[in-house]
Amino acid sequence: MAELTYTQLLAAVERMETVLARNAEGIRARADKMEAIADDTAQVADTISAKAVDTYTVAETQQLAKTLRGVGQAVRSYAAASDTTARIAKAAAEQARRTHSGIKEQFGRA
């Protein structure tokens, strides 16, 4: 079995923390974009309704806007879960530093 040093463990946890935080940020950006597209689609529905486009097309466009909003909210929920995971990874890194840095320091002195 390969041995894992404190330094390797800490580096791996810190890399994971960075990746998770970056991914959560990207997911939030996608949720914002999805909601902006939903707003644009709703505006298109209003515009085509004012231009007397058939009611089925208007209704489909409004439904599309509603669906896009739902997807945006689901993506935002996923981003919140990613934030939680990133916070847990950060806490794990901090715990590893707190718990093991003293041991490493003592070992170094010995």
# chains A, B, ... in the order shown; residues from 1 in each chain; ligands from 1

call {"tool": "residues_around", "arguments": {"residues": "Asn23 of chain A", "least_positions_apart": "3", "cutoff": "12 Å", "atoms": "only C-alpha atoms", "output": "list of chain:residue names"}}
result
A:Met16, A:Glu17, A:Thr18, A:Val19, A:Leu20, A:Gly26, A:Ile27, A:Arg28, A:Ala29, A:Arg30, A:Tyr78, A:Ala79, A:Ala80, A:Ala81, A:Ser82, A:Asp83, A:Thr84, A:Thr85, A:Ala86

call {"tool": "write_last_selection", "arguments": {"atoms": "all heavy atoms", "output": "CSV table (one decimal), in the first residue's frame"}}
result
chain,number,residue,atom,x,y,z
A,16,MET,N,-8.5,20.0,-4.3
A,16,MET,CA,-9.9,19.7,-4.4
A,16,MET,C,-10.8,20.9,-4.0
A,16,MET,O,-11.8,21.2,-4.6
A,16,MET,CB,-10.2,18.5,-3.5
A,16,MET,CG,-11.7,18.0,-3.7
A,16,MET,SD,-12.2,17.5,-5.3
A,16,MET,CE,-11.3,16.1,-5.5
A,17,GLU,N,-10.3,21.6,-3.0
A,17,GLU,CA,-11.1,22.7,-2.5
A,17,GLU,C,-11.1,23.8,-3.6
A,17,GLU,O,-12.2,24.4,-3.9
A,17,GLU,CB,-10.3,23.3,-1.3
A,17,GLU,CG,-10.9,24.6,-0.8
A,17,GLU,CD,-10.0,25.3,0.3
A,17,GLU,OE1,-9.0,24.6,0.7
A,17,GLU,OE2,-10.3,26.4,0.7
A,18,THR,N,-10.0,24.0,-4.3
A,18,THR,CA,-10.0,25.0,-5.4
A,18,THR,C,-10.9,24.6,-6.5
A,18,THR,O,-11.6,25.4,-7.1
A,18,THR,CB,-8.5,25.2,-5.9
A,18,THR,OG1,-7.7,25.6,-4.8
A,18,THR,CG2,-8.4,26.2,-7.0
A,19,VAL,N,-10.8,23.3,-6.9
A,19,VAL,CA,-11.6,22.8,-8.0
A,19,VAL,C,-13.1,23.0,-7.7
A,19,VAL,O,-13.9,23.4,-8.5
A,19,VAL,CB,-11.2,21.4,-8.4
A,19,VAL,CG1,-12.2,20.7,-9.3
A,19,VAL,CG2,-9.8,21.3,-9.0
A,20,LEU,N,-13.5,22.6,-6.5
A,20,LEU,CA,-14.9,22.6,-6.1
A,20,LEU,C,-15.4,24.0,-6.1
A,20,LEU,O,-16.5,24.3,-6.6
A,20,LEU,CB,-15.1,21.9,-4.8
A,20,LEU,CG,-14.9,20.4,-4.8
A,20,LEU,CD1,-14.9,19.9,-3.4
A,20,LEU,CD2,-16.0,19.8,-5.6
A,26,GLY,N,-18.7,28.4,-11.6
A,26,GLY,CA,-19.1,28.2,-13.0
A,26,GLY,C,-20.6,27.8,-13.1
A,26,GLY,O,-21.3,28.2,-14.0
A,27,ILE,N,-21.0,27.0,-12.2
A,27,ILE,CA,-22.4,26.5,-12.2
A,27,ILE,C,-23.4,27.7,-11.9
A,27,ILE,O,-24.4,27.9,-12.6
A,27,ILE,CB,-22.7,25.4,-11.2
A,27,ILE,CG1,-21.9,24.1,-11.6
A,27,ILE,CG2,-24.1,25.1,-11.0
A,27,ILE,CD1,-21.8,23.1,-10.5
A,28,ARG,N,-23.0,28.6,-11.0
A,28,ARG,CA,-23.8,29.8,-10.7
A,28,ARG,C,-23.9,30.7,-11.9
A,28,ARG,O,-24.9,31.2,-12.2
A,28,ARG,CB,-23.2,30.5,-9.5
A,28,ARG,CG,-23.8,30.2,-8.2
A,28,ARG,CD,-23.4,31.2,-7.1
A,28,ARG,NE,-22.0,31.5,-7.1
A,28,ARG,CZ,-21.0,30.7,-6.5
A,28,ARG,NH1,-21.4,29.5,-6.0
A,28,ARG,NH2,-19.8,31.0,-6.5
A,29,ALA,N,-22.8,30.8,-12.6
A,29,ALA,CA,-22.8,31.6,-13.8
A,29,ALA,C,-23.7,31.0,-14.9
A,29,ALA,O,-24.4,31.8,-15.6
A,29,ALA,CB,-21.3,31.7,-14.4
A,30,ARG,N,-23.7,29.7,-15.0
A,30,ARG,CA,-24.7,29.1,-16.0
A,30,ARG,C,-26.1,29.3,-15.5
A,30,ARG,O,-27.0,29.5,-16.4
A,30,ARG,CB,-24.3,27.6,-16.1
A,30,ARG,CG,-23.1,27.4,-16.9
A,30,ARG,CD,-22.7,25.9,-16.9
A,30,ARG,NE,-21.5,25.7,-17.7
A,30,ARG,CZ,-20.3,25.7,-17.2
A,30,ARG,NH1,-20.1,26.0,-15.9
A,30,ARG,NH2,-19.2,25.5,-18.0
A,78,TYR,N,-28.3,23.2,-7.6
A,78,TYR,CA,-27.1,22.4,-7.8
A,78,TYR,C,-25.9,23.2,-7.4
A,78,TYR,O,-25.0,22.7,-6.8
A,78,TYR,CB,-27.1,22.0,-9.3
A,78,TYR,CG,-25.9,21.0,-9.5
A,78,TYR,CD1,-26.0,19.7,-9.1
A,78,TYR,CD2,-24.8,21.4,-10.2
A,78,TYR,CE1,-25.0,18.8,-9.4
A,78,TYR,CE2,-23.7,20.5,-10.5
A,78,TYR,CZ,-23.8,19.2,-10.0
A,78,TYR,OH,-22.8,18.4,-10.3
A,79,ALA,N,-25.9,24.5,-7.8
A,79,ALA,CA,-24.8,25.4,-7.4
A,79,ALA,C,-24.7,25.5,-5.9
A,79,ALA,O,-23.6,25.5,-5.3
A,79,ALA,CB,-24.9,26.8,-8.1
A,80,ALA,N,-25.8,25.6,-5.2
A,80,ALA,CA,-25.8,25.7,-3.8
A,80,ALA,C,-25.2,24.5,-3.2
A,80,ALA,O,-24.4,24.5,-2.2
A,80,ALA,CB,-27.2,26.0,-3.3
A,81,ALA,N,-25.6,23.3,-3.7
A,81,ALA,CA,-25.0,22.1,-3.2
A,81,ALA,C,-23.5,22.0,-3.5
A,81,ALA,O,-22.7,21.6,-2.6
A,81,ALA,CB,-25.7,20.9,-3.9
A,82,SER,N,-23.0,22.6,-4.6
A,82,SER,CA,-21.6,22.7,-4.9
A,82,SER,C,-20.9,23.6,-3.9
A,82,SER,O,-19.8,23.3,-3.5
A,82,SER,CB,-21.4,23.2,-6.3
A,82,SER,OG,-21.9,22.3,-7.3
A,83,ASP,N,-21.6,24.7,-3.6
A,83,ASP,CA,-21.0,25.6,-2.6
A,83,ASP,C,-20.8,24.8,-1.2
A,83,ASP,O,-19.8,25.0,-0.6
A,83,ASP,CB,-21.9,26.8,-2.3
A,83,ASP,CG,-21.8,27.8,-3.5
A,83,ASP,OD1,-20.8,27.8,-4.2
A,83,ASP,OD2,-22.8,28.6,-3.6
A,84,THR,N,-21.8,24.1,-0.9
A,84,THR,CA,-21.7,23.3,0.4
A,84,THR,C,-20.5,22.3,0.3
A,84,THR,O,-19.8,22.2,1.3
A,84,THR,CB,-23.0,22.5,0.6
A,84,THR,OG1,-24.1,23.5,0.7
A,84,THR,CG2,-23.0,21.7,1.9
A,85,THR,N,-20.4,21.6,-0.8
A,85,THR,CA,-19.3,20.7,-1.0
A,85,THR,C,-17.9,21.4,-0.9
A,85,THR,O,-17.0,21.0,-0.3
A,85,THR,CB,-19.4,19.9,-2.3
A,85,THR,OG1,-20.7,19.3,-2.3
A,85,THR,CG2,-18.3,18.9,-2.4
A,86,ALA,N,-17.9,22.6,-1.5
A,86,ALA,CA,-16.6,23.4,-1.5
A,86,ALA,C,-16.3,23.8,0.0
A,86,ALA,O,-15.2,23.8,0.4
A,86,ALA,CB,-16.7,24.6,-2.4

call {"tool": "closest_residue", "arguments": {"among": "A:Arg76, A:Lys51, A:Arg97, A:Arg87", "to": "Met34 of chain A", "atoms": "only C-alpha atoms"}}
result
A:Arg76

call {"tool": "closest_residue", "arguments": {"among": "A:Ala42, A:Val71, A:Ala96, A:Ala91", "to": "Val58 of chain A", "atoms": "only C-alpha atoms"}}
result
A:Ala42

call {"tool": "residues_around", "arguments": {"residues": "Ile37 of chain A", "least_positions_apart": "5", "cutoff": "9 Å", "atoms": "only C-alpha atoms", "output": "CSV table (one decimal) with all heavy atoms, in the first residue's frame"}}
result
chain,number,residue,atom,x,y,z
A,32,ASP,N,-27.3,31.9,-13.9
A,32,ASP,CA,-27.6,33.3,-14.2
A,32,ASP,C,-27.9,33.4,-15.7
A,32,ASP,O,-28.8,34.1,-16.1
A,32,ASP,CB,-26.4,34.2,-13.9
A,32,ASP,CG,-26.2,34.3,-12.4
A,32,ASP,OD1,-27.1,34.0,-11.6
A,32,ASP,OD2,-25.1,34.8,-12.0
A,42,ALA,N,-39.4,35.2,-22.3
A,42,ALA,CA,-40.6,35.8,-21.9
A,42,ALA,C,-40.9,37.1,-22.6
A,42,ALA,O,-42.0,37.4,-22.9
A,42,ALA,CB,-40.6,36.0,-20.4
A,65,ALA,N,-40.3,29.8,-21.7
A,65,ALA,CA,-39.8,30.7,-20.7
A,65,ALA,C,-39.9,30.1,-19.3
A,65,ALA,O,-39.0,30.2,-18.5
A,65,ALA,CB,-40.4,32.1,-20.8
A,68,LEU,N,-37.5,27.2,-18.9
A,68,LEU,CA,-36.1,27.7,-18.8
A,68,LEU,C,-35.9,28.3,-17.4
A,68,LEU,O,-34.8,28.1,-16.8
A,68,LEU,CB,-35.8,28.8,-19.8
A,68,LEU,CG,-35.7,28.3,-21.2
A,68,LEU,CD1,-35.6,29.4,-22.2
A,68,LEU,CD2,-34.4,27.4,-21.4
A,69,ARG,N,-36.9,28.9,-16.8
A,69,ARG,CA,-36.8,29.4,-15.4
A,69,ARG,C,-36.6,28.3,-14.5
A,69,ARG,O,-35.8,28.3,-13.5
A,69,ARG,CB,-38.0,30.3,-15.1
A,69,ARG,CG,-37.8,31.7,-15.3
A,69,ARG,CD,-38.7,32.6,-14.6
A,69,ARG,NE,-38.6,33.9,-15.2
A,69,ARG,CZ,-39.3,34.3,-16.3
A,69,ARG,NH1,-40.2,33.5,-16.8
A,69,ARG,NH2,-39.1,35.5,-16.8

call {"tool": "closest_residue", "arguments": {"among": "A:Val44, A:Ala31, A:Ala38, A:Ala50", "to": "Lys66 of chain A", "atoms": "only C-alpha atoms"}}
result
A:Ala38

call {"tool": "atom_distance", "arguments": {"atom1": "atom CA of Ala24 of chain A", "atom2": "atom CA of Asp39 of chain A"}}
result
22.7 Å

call {"tool": "closest_residue", "arguments": {"among": "A:Ala36, A:Ile88, A:Tyr56, A:Thr99", "to": "Ala21 of chain A", "atoms": "only C-alpha atoms"}}
result
A:Ile88

call {"tool": "residues_around", "arguments": {"residues": "Ser49 of chain A", "least_positions_apart": "5", "cutoff": "10 Å", "atoms": "only C-alpha atoms", "output": "list of chain:residue names"}}
result
A:Gln43, A:Val44, A:Asp54, A:Thr55, A:Thr57, A:Val58, A:Ala59, A:Thr61, A:Gln62

call {"tool": "decode", "arguments": {"residues": "segment 17-71 of chain A", "atoms": "C-alpha atoms", "output": "short mmCIF file (atom, residue, chain, number, x, y, z; two decimals), in the first residue's frame"}}
result
data_model
loop_
_atom_site.label_atom_id
_atom_site.label_comp_id
_atom_site.auth_asym_id
_atom_site.auth_seq_id
_atom_site.Cartn_x
_atom_site.Cartn_y
_atom_site.Cartn_z
CA GLU A 17 -11.06 22.74 -2.50
CA THR A 18 -9.96 25.01 -5.37
CA VAL A 19 -11.58 22.85 -8.04
CA LEU A 20 -14.87 22.61 -6.15
CA ALA A 21 -15.01 26.37 -5.53
CA ARG A 22 -14.29 27.07 -9.21
CA ASN A 23 -16.92 24.56 -10.33
CA ALA A 24 -19.54 26.08 -8.02
CA GLU A 25 -18.79 29.50 -9.45
CA GLY A 26 -19.15 28.20 -13.01
CA ILE A 27 -22.44 26.52 -12.18
CA ARG A 28 -23.79 29.76 -10.70
CA ALA A 29 -22.76 31.63 -13.85
CA ARG A 30 -24.65 29.09 -15.95
CA ALA A 31 -27.73 29.50 -13.75
CA ASP A 32 -27.56 33.28 -14.23
CA LYS A 33 -27.28 32.81 -17.99
CA MET A 34 -30.22 30.38 -18.03
CA GLU A 35 -32.38 32.86 -16.12
CA ALA A 36 -31.37 35.67 -18.51
CA ILE A 37 -32.38 33.48 -21.45
CA ALA A 38 -35.70 32.77 -19.71
CA ASP A 39 -36.28 36.52 -19.28
CA ASP A 40 -35.45 37.14 -22.95
CA THR A 41 -37.82 34.36 -24.01
CA ALA A 42 -40.62 35.81 -21.87
CA GLN A 43 -40.01 39.19 -23.49
CA VAL A 44 -40.23 37.57 -26.92
CA ALA A 45 -43.55 36.01 -25.91
CA ASP A 46 -44.85 39.45 -24.91
CA THR A 47 -43.60 40.97 -28.16
CA ILE A 48 -45.13 38.34 -30.43
CA SER A 49 -48.36 38.50 -28.46
CA ALA A 50 -48.56 42.24 -29.09
CA LYS A 51 -48.02 41.59 -32.80
CA ALA A 52 -51.05 39.27 -32.91
CA VAL A 53 -49.09 36.09 -33.53
CA ASP A 54 -51.30 33.03 -33.13
CA THR A 55 -52.11 32.12 -29.53
CA TYR A 56 -50.52 28.66 -29.76
CA THR A 57 -47.12 30.11 -30.66
CA VAL A 58 -47.39 32.68 -27.87
CA ALA A 59 -48.40 29.97 -25.39
CA GLU A 60 -45.50 27.74 -26.47
CA THR A 61 -43.06 30.62 -26.10
CA GLN A 62 -44.42 31.43 -22.64
CA GLN A 63 -44.15 27.75 -21.68
CA LEU A 64 -40.56 27.69 -22.91
CA ALA A 65 -39.75 30.71 -20.73
CA LYS A 66 -41.35 28.99 -17.74
CA THR A 67 -39.39 25.79 -18.41
CA LEU A 68 -36.13 27.72 -18.77
CA ARG A 69 -36.79 29.45 -15.44
CA GLY A 70 -37.34 26.06 -13.82
CA VAL A 71 -34.09 24.75 -15.26
#
